[in-house]
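> Handing you a structure now.
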Amino acid sequence: MPPAERISDAEARRELARLLSSSEFGRAEALEILQSQLKIAPQDVDARLALAELLARAGRLPEAEETLAALPAKTLALPETQERIGDSYFAAGRMQAASRHFQAAFAGGRPVQRKLAQSLAWGGDIKQARPMLEKLFAESPADREVALLLVRLRLADGDVRRAAELASGLAAATPDNPQALAELADVETALGHAASARSLYEKALALPGGPDLLPRYAQAMSLWGAFGRGIALQRQQVAAGKTEARLPLAETYRAAQRMDEAEGVLRSLMLEGTAPQARLALARLKLGQEEPGAALEALEPLLAAAPPLPESPKALALAARAQQRLGHLAEALRLLTLLPADQEPVLRGRLLLAAGLKDEASTLLAKAGKAAPRDAEIAFAALGGQTIAPASLDALTAPGAHPPAELTAWAALLAESGQREPALRCLRAALAADPQYFPARMALAETLAADRQYATALAELDALAAAFPDSSKVLLTRARVLSWDKRYAEAQAAYAALASADVTDPVPVREAARVHFWAKERDQALASYASLRTPPVDATLAGKLGTIVDVTKDAQLGDIAANMVVAAAQGSEYRRYERLSLGQEQEFSSESAPAVNRALVDLLPTYRIQKSASLEARAKDLSFNRRFSQSLPVYGELLDFEPGNQEARFDLAQSACALGLCSAERAAYTRLLAIDPMNTQTGAALERLERRTSPALSLRQNIWHEAGRGELARMLRLRTDLGLSVPVADDYRLGLTQHRWEESPRGSQSYEALGQTLSFEGVFSPVLRASASWTNKRYTTGRIGNMDTGRARLEFNLDDVARLGLGYERAEELANEFALRKRSLSDNLFADLTLSPARDWEINAEARGKSYSDGNVGDMQKLAVGYAFTDHPRQLKAILSGERRNTDKKSLEVYTGATLTDIRRPYWTPQDYTAAAFTLDWRQDLAKLFFCGAPEHYYGLRATAGTDSENNPSVRFEAEWKLEFAERWALEAKGLIHRSPQWDAEGLWLGLGLGF
């Protein structure tokens, strides 16, 4: 080789390093070569520059910057050097750093305008990049790369019309170019035209080179909610070794509400390094799941990075939101001060409002509104939570006043604040402006459903499903609306179709299980939950640990794996995974740790799905079987694990309602509405709770007539009540009732009385409640005087299987004129027990001891066993009952001649009396909403046939009806007719209630 063509050893090393660094697999060796060269020749400027380039391409920015700082200032300042460094950062995807060096090269005279424009564009600096690209395109309209990038920049800058013009021109000029069709499809995607975007992408994919567009197409599918297809495509990309597809896959999982799988992908990325984009995505996911602490944990490395990373501003904004959720307003505001003053104006405004700084918030939002007059979120925040004015709504929805995207954004904000009618107006205006705008069509269906306009919502969803049969979002929403409309069989068919379309998707299976419980289909519900827990994660993890042990020969890990196999065989589903992930198992070798951590991350989605399904199934089954106090801690554990589980939070409130714990019920509803303001049922339930815990008036009229048992029962009684009850906190209530009685013994004068009742009732805990009342009765005719009666009762909830009541009652025994004149009373000590061995069975027992005001004593025992053949809302129940009564002394009629002049012990005094009866009870719930505390509308019919030891067969018919209407009013009526040879009775009870 001629001497002139020979290169030095140093040049050879640099050239070899350059060649090796062009591939990811050769970078480590290239790095070693360059570092060795610098040890030999520390002043080798070219080697140092090559090392800096290599570090930059590898994404090791701090080391690259440190290496560059060691270059001679003269070399570093050269435009050629700046261009080379910019190229390296560009190749590493570090666009902000690349544009900084390209700008320095451009200032030095290097022709790098195209590189600079591209780096600015990819770095998100639209203001600087777009003018440069417009200029480059005007100079070289044939430069397709510049043209395609300009399409994207025009879209990002909101100039959809010009983006569409350029994209259409590119597609027309090269109709066989899949890239040009894809750009036009992206324009249609930005316009919300799902049908057009899908058609263009399908055409592009059919062309040579089209399959390369699959990753972009998978992301575009999110517009119309084709998450199943998108996930399948992205999984194929990941399986083919395209690691860049993992982050988009996680985002699609998140959009499809498959949060556990999204978290698994993101944590897998985080195992491999700082992974800033994965950490940002995980923080957003955790905020969406109501886990601000976990979001801050994910963001911590980004917040602590020095110097700050390009992702640091986004991390600060997310951290501020997390601190806001935690209630740390001062810290949230402090974090926002680290951002430019014009960033995050809405969050700043809300924090200032929450801190009581209303004027500062108004000033900030007004300034932000002037800077971004079309930003719906800023304009809505400036309303300060007030209802939008009719004139403002008219202006907002005027034809041509606002684009569909802006109107749809307004609709979402209005709907979240409970202003559904204005939201619907915005959506209809958006569709009038652009009928093809898919986000508005989808939002219209969702908002109609939230407004309980189920038929109209389903018509919209059916049309969308016909146009987009691959949209799992549309199909899932349709299944939900069918279930909300109580069309359970149709809903289950829709869920089954979704589950069969993607057997890996847990969402339709879990929701179907919930709907089975709503439909009282317990066995099917539990089977659906069980399908999510097979095979158990503990068994799968044991197998993975065994594989690791085969490689590492780690005896301690082998013991853990063996114990896990035994536990899984004994029924453990996820507890051993949990113990290992929390570091509660015995130590194992550091050599095994990376593989164990990888196994834990790989199985994280399975663990989360199985634990949540297990806890939810247990809690719902307990509630279904009316084990409400037992369900509370299980719901608590589930919500600790899944704070964003709206279904569980509502069910927790319902269990609290069933137990009478209104304060716990209120806390659950309030928290749930903070998570999802559009949760219609929760809003209705909280509104009903407000009514139930507000002061209330009642007007009642009771009529009772009885005759029989000789002269013992000869009375017509009328009572009119006007009552007021007021809450004392949510769980306690005081009542005051004014009474008027008119009592008419047969063949005698009528006696009138006035009186008052003071009452108290309260629920102290899930296991203890109490009630007490005292009534004063003052007769105004007949010289009878005053009578005081009352009642007190404690009830103990014995693990929901039994409710034991203990109490005392002083009661009137007034069935005839003699009892009335003597003011006959009885003092009663009683115990009652209600057993609920299963949902369909109920056993009631009562024992009572009586002491009469005339010295007589008696006792009574009752037992009833009931079985429900059908469930709510149409319930048919059979009841077999029996009773025993005994009184020490019998009543005695005293005559003077043929005239009855007195009855000693003027009340019924059975001795060794027994009776039995059979009852059929029918109750139909006619209410529109079925939840504890909902407005009531029902009727009930009851027929009873019985006999007793006195050879006195009887029949009894009862009917009752209740209607709550117009939010505050209630009507109720109950009637009874009893017939037997020895005793007849009729009763009528009417009531009118008004809540405040």
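As shown in the structure tokens, the chain order sets the letters A, B, ...; within each chain, residues go from 1, and ligands are also counted from 1 in the order they appear.
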Do you know which residues are at most 10 Å from A:Ala463 counting only C-alpha atoms, after dropping those on the same chain fewer than 5 positions away, and could you put them as a list in words?
Arg441, Leu458, Phe468, Pro469 and Val474 of chain A
> Any chance you could export the current selection's C-alpha atoms as a compact mmCIF listing (two decimals), in the first residue's frame?

```
# COMPACT_ATOMS: atom_id res chain seq x y z
CA ARG A 441 -71.06 10.91 18.03
CA LEU A 458 -78.80 2.68 22.29
CA PHE A 468 -67.58 0.37 13.22
CA PRO A 469 -68.05 -3.32 14.03
CA VAL A 474 -68.63 1.19 21.04
```
> Write out as a ChimeraX atom specification the residues lying within 10 Å of A:Thr887, counting only C-alpha atoms and excluding same-chain residues fewer than 6 positions away.
/A:849-851,856-860,908-913
> Run DSSP on the backbone and grab whatever in stretch 531-706 of chain A lands in strand (DSSP E); send it over as a CSV table (one decimal) with all heavy atoms, in the first residue's frame.

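Okay, this is what ended up in out07.csv:
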```
chain,number,residue,atom,x,y,z
A,696,ALA,N,-88.1,16.3,58.0
A,696,ALA,CA,-89.2,15.8,57.2
A,696,ALA,C,-90.5,16.0,58.0
A,696,ALA,O,-90.5,15.9,59.3
A,696,ALA,CB,-89.1,14.3,56.9
A,697,LEU,N,-91.6,16.2,57.3
A,697,LEU,CA,-92.9,16.3,57.9
A,697,LEU,C,-93.7,15.1,57.5
A,697,LEU,O,-93.6,14.6,56.4
A,697,LEU,CB,-93.7,17.6,57.5
A,697,LEU,CG,-93.3,18.9,58.2
A,697,LEU,CD1,-94.1,20.0,57.5
A,697,LEU,CD2,-93.7,18.8,59.6
A,698,SER,N,-94.6,14.7,58.4
A,698,SER,CA,-95.5,13.5,58.0
A,698,SER,C,-96.9,13.8,58.6
A,698,SER,O,-97.0,14.4,59.7
A,698,SER,CB,-94.9,12.2,58.5
A,698,SER,OG,-94.9,12.2,59.9
A,699,LEU,N,-97.9,13.4,57.8
A,699,LEU,CA,-99.3,13.5,58.3
A,699,LEU,C,-99.9,12.1,58.1
A,699,LEU,O,-99.8,11.5,57.0
A,699,LEU,CB,-100.1,14.5,57.4
A,699,LEU,CG,-101.6,14.6,57.7
A,699,LEU,CD1,-101.8,15.1,59.1
A,699,LEU,CD2,-102.2,15.5,56.7
A,700,ARG,N,-100.4,11.5,59.2
A,700,ARG,CA,-100.9,10.1,59.1
A,700,ARG,C,-102.3,10.0,59.7
A,700,ARG,O,-102.6,10.7,60.7
A,700,ARG,CB,-100.0,9.2,59.9
A,700,ARG,CG,-98.6,9.1,59.3
A,700,ARG,CD,-97.7,8.1,60.0
A,700,ARG,NE,-96.3,8.1,59.4
A,700,ARG,CZ,-96.0,7.5,58.3
A,700,ARG,NH1,-96.9,6.8,57.7
A,700,ARG,NH2,-94.7,7.6,57.8
A,701,GLN,N,-103.1,9.2,59.1
A,701,GLN,CA,-104.4,8.9,59.7
A,701,GLN,C,-104.6,7.4,59.8
A,701,GLN,O,-104.4,6.6,58.8
A,701,GLN,CB,-105.5,9.4,58.7
A,701,GLN,CG,-106.9,9.2,59.2
A,701,GLN,CD,-107.2,9.9,60.5
A,701,GLN,OE1,-107.1,11.1,60.6
A,701,GLN,NE2,-107.6,9.1,61.5
A,702,ASN,N,-104.8,6.9,61.0
A,702,ASN,CA,-105.0,5.5,61.3
A,702,ASN,C,-106.4,5.2,61.7
A,702,ASN,O,-107.0,5.9,62.6
A,702,ASN,CB,-104.0,5.0,62.3
A,702,ASN,CG,-102.6,5.3,62.0
A,702,ASN,OD1,-102.3,5.6,60.8
A,702,ASN,ND2,-101.7,5.3,62.9
A,703,ILE,N,-107.0,4.1,61.3
A,703,ILE,CA,-108.3,3.7,61.7
A,703,ILE,C,-108.2,2.2,62.1
A,703,ILE,O,-107.7,1.4,61.3
A,703,ILE,CB,-109.3,3.8,60.6
A,703,ILE,CG1,-109.4,5.3,60.1
A,703,ILE,CG2,-110.7,3.4,61.0
A,703,ILE,CD1,-110.2,5.5,58.9
A,704,TRP,N,-108.7,1.8,63.3
A,704,TRP,CA,-108.6,0.5,63.7
A,704,TRP,C,-110.0,0.1,64.3
A,704,TRP,O,-110.5,0.8,65.2
A,704,TRP,CB,-107.5,0.3,64.7
A,704,TRP,CG,-107.5,-1.1,65.4
A,704,TRP,CD1,-107.9,-1.4,66.6
A,704,TRP,CD2,-107.0,-2.3,64.8
A,704,TRP,NE1,-107.8,-2.8,66.9
A,704,TRP,CE2,-107.2,-3.3,65.7
A,704,TRP,CE3,-106.5,-2.6,63.5
A,704,TRP,CZ2,-106.9,-4.7,65.5
A,704,TRP,CZ3,-106.2,-3.9,63.3
A,704,TRP,CH2,-106.4,-4.9,64.2
A,705,HIS,N,-110.5,-1.0,63.9
A,705,HIS,CA,-111.7,-1.5,64.5
A,705,HIS,C,-111.6,-3.0,64.8
A,705,HIS,O,-111.1,-3.8,64.0
A,705,HIS,CB,-112.9,-1.3,63.6
A,705,HIS,CG,-114.2,-1.9,64.1
A,705,HIS,ND1,-114.7,-3.1,63.6
A,705,HIS,CD2,-115.1,-1.5,65.1
A,705,HIS,CE1,-115.8,-3.4,64.3
A,705,HIS,NE2,-116.1,-2.5,65.2
A,706,GLU,N,-112.0,-3.4,66.0
A,706,GLU,CA,-112.0,-4.8,66.4
A,706,GLU,C,-113.3,-5.2,67.2
A,706,GLU,O,-113.8,-4.3,67.9
A,706,GLU,CB,-110.8,-5.2,67.2
A,706,GLU,CG,-110.6,-4.4,68.5
A,706,GLU,CD,-109.4,-4.8,69.3
A,706,GLU,OE1,-109.1,-6.0,69.3
A,706,GLU,OE2,-108.6,-3.9,69.8
```
> Residues at most 7 Å from stretch 239-253 of chain A, counting only C-alpha atoms, excluding those fewer than 4 positions away in the same chain, as a PyMOL selection string?
chain A and resi 227+231+234-235+257-259+261-262+265-266+278
> Find the residues near A:Asp832: any atom within 10 Å, counting only C-alpha atoms, skip ones fewer than 4 places away on the same chain, and give them as a list of chain:residue names.
A:Glu795, A:Arg803, A:Leu804, A:Gly805, A:Leu806, A:Gly807, A:Asn844, A:Ala845, A:Glu846, A:Ala847, A:Arg848, A:Gln861, A:Lys862, A:Leu863
> Can you pull out the residues contacting A:Phe764? Cut-off 9 Å, using only C-alpha atoms, and skip same-chain residues under 6 positions away; I want them as a PDB file with C-alpha atoms, in the first residue's frame.

```pdb
ATOM      1  CA  LEU A 661     -74.698   4.015  58.392  1.00  0.00           C
ATOM      2  CA  ASP A 731     -76.738   8.480  61.689  1.00  0.00           C
ATOM      3  CA  TYR A 732     -79.163   9.777  64.318  1.00  0.00           C
ATOM      4  CA  ALA A 770     -80.966   1.808  69.194  1.00  0.00           C
TER       5      ALA A 770
END
```
> What residues in stretch 145-292 of chain A get the DSSP label helix (DSSP H, G or I)? Please answer as a count of residues only.
118
> Near stretch 337-342 of chain A, within 10 Å and counting only C-alpha atoms, which residues show up once chain neighbours fewer than 3 positions away are dropped, as a list in words?
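Surrounding residues, per the criterion: Ser312, Pro313, Lys314, Leu316, Ala317, Glu331, Ala332, Leu333, Arg334, Pro345, Arg348, Leu364, Lys367, Ala368 and Ala371 of chain A.
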> I'd like the contact shell of A:Ala204 - 10 Å cut-off, only C-alpha atoms, skipping same-chain residues fewer than 4 positions apart - returned as number ranges by chain.
A: 175-183, 185, 198-200, 208-214, 217
> Measure the distance from atom CA of A:Thr477 to atom CA of A:Ala429 in Å and round it to one decimal.
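The value is 22.5 Å.
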> Let me make sure I understand: among A:Lys962, A:Asp451, A:Ala104, A:Ala405, which one has the smallest atom-to-atom distance to A:Gln419 if we use only C-alpha atoms?
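Checking each candidate against A:Gln419, we get A:Asp451 as the closest.
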> A:Glu406, A:Glu311, A:Glu587, A:Glu421: which is nearest A:Ala376, counting only C-alpha atoms?
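Distance minimum relative to A:Ala376 lands on A:Glu406.
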> Determine the nearest neighbour of A:Glu63 from the options A:Pro307, A:Pro981, A:Pro906, A:Pro292, counting only C-alpha atoms.
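Closest to A:Glu63 of all the choices is A:Pro307.
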> May I ask for the distance between atom CA of A:Asp925 and atom CA of A:Thr870, given in Å to one decimal place?
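Rounded to one decimal, the two atoms are 12.6 Å apart.
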> Return the single residue from A:Leu892, A:Leu16, A:Leu34, A:Leu994 that is closest to A:Gly723, with distances computed using only C-alpha atoms.
A:Leu994
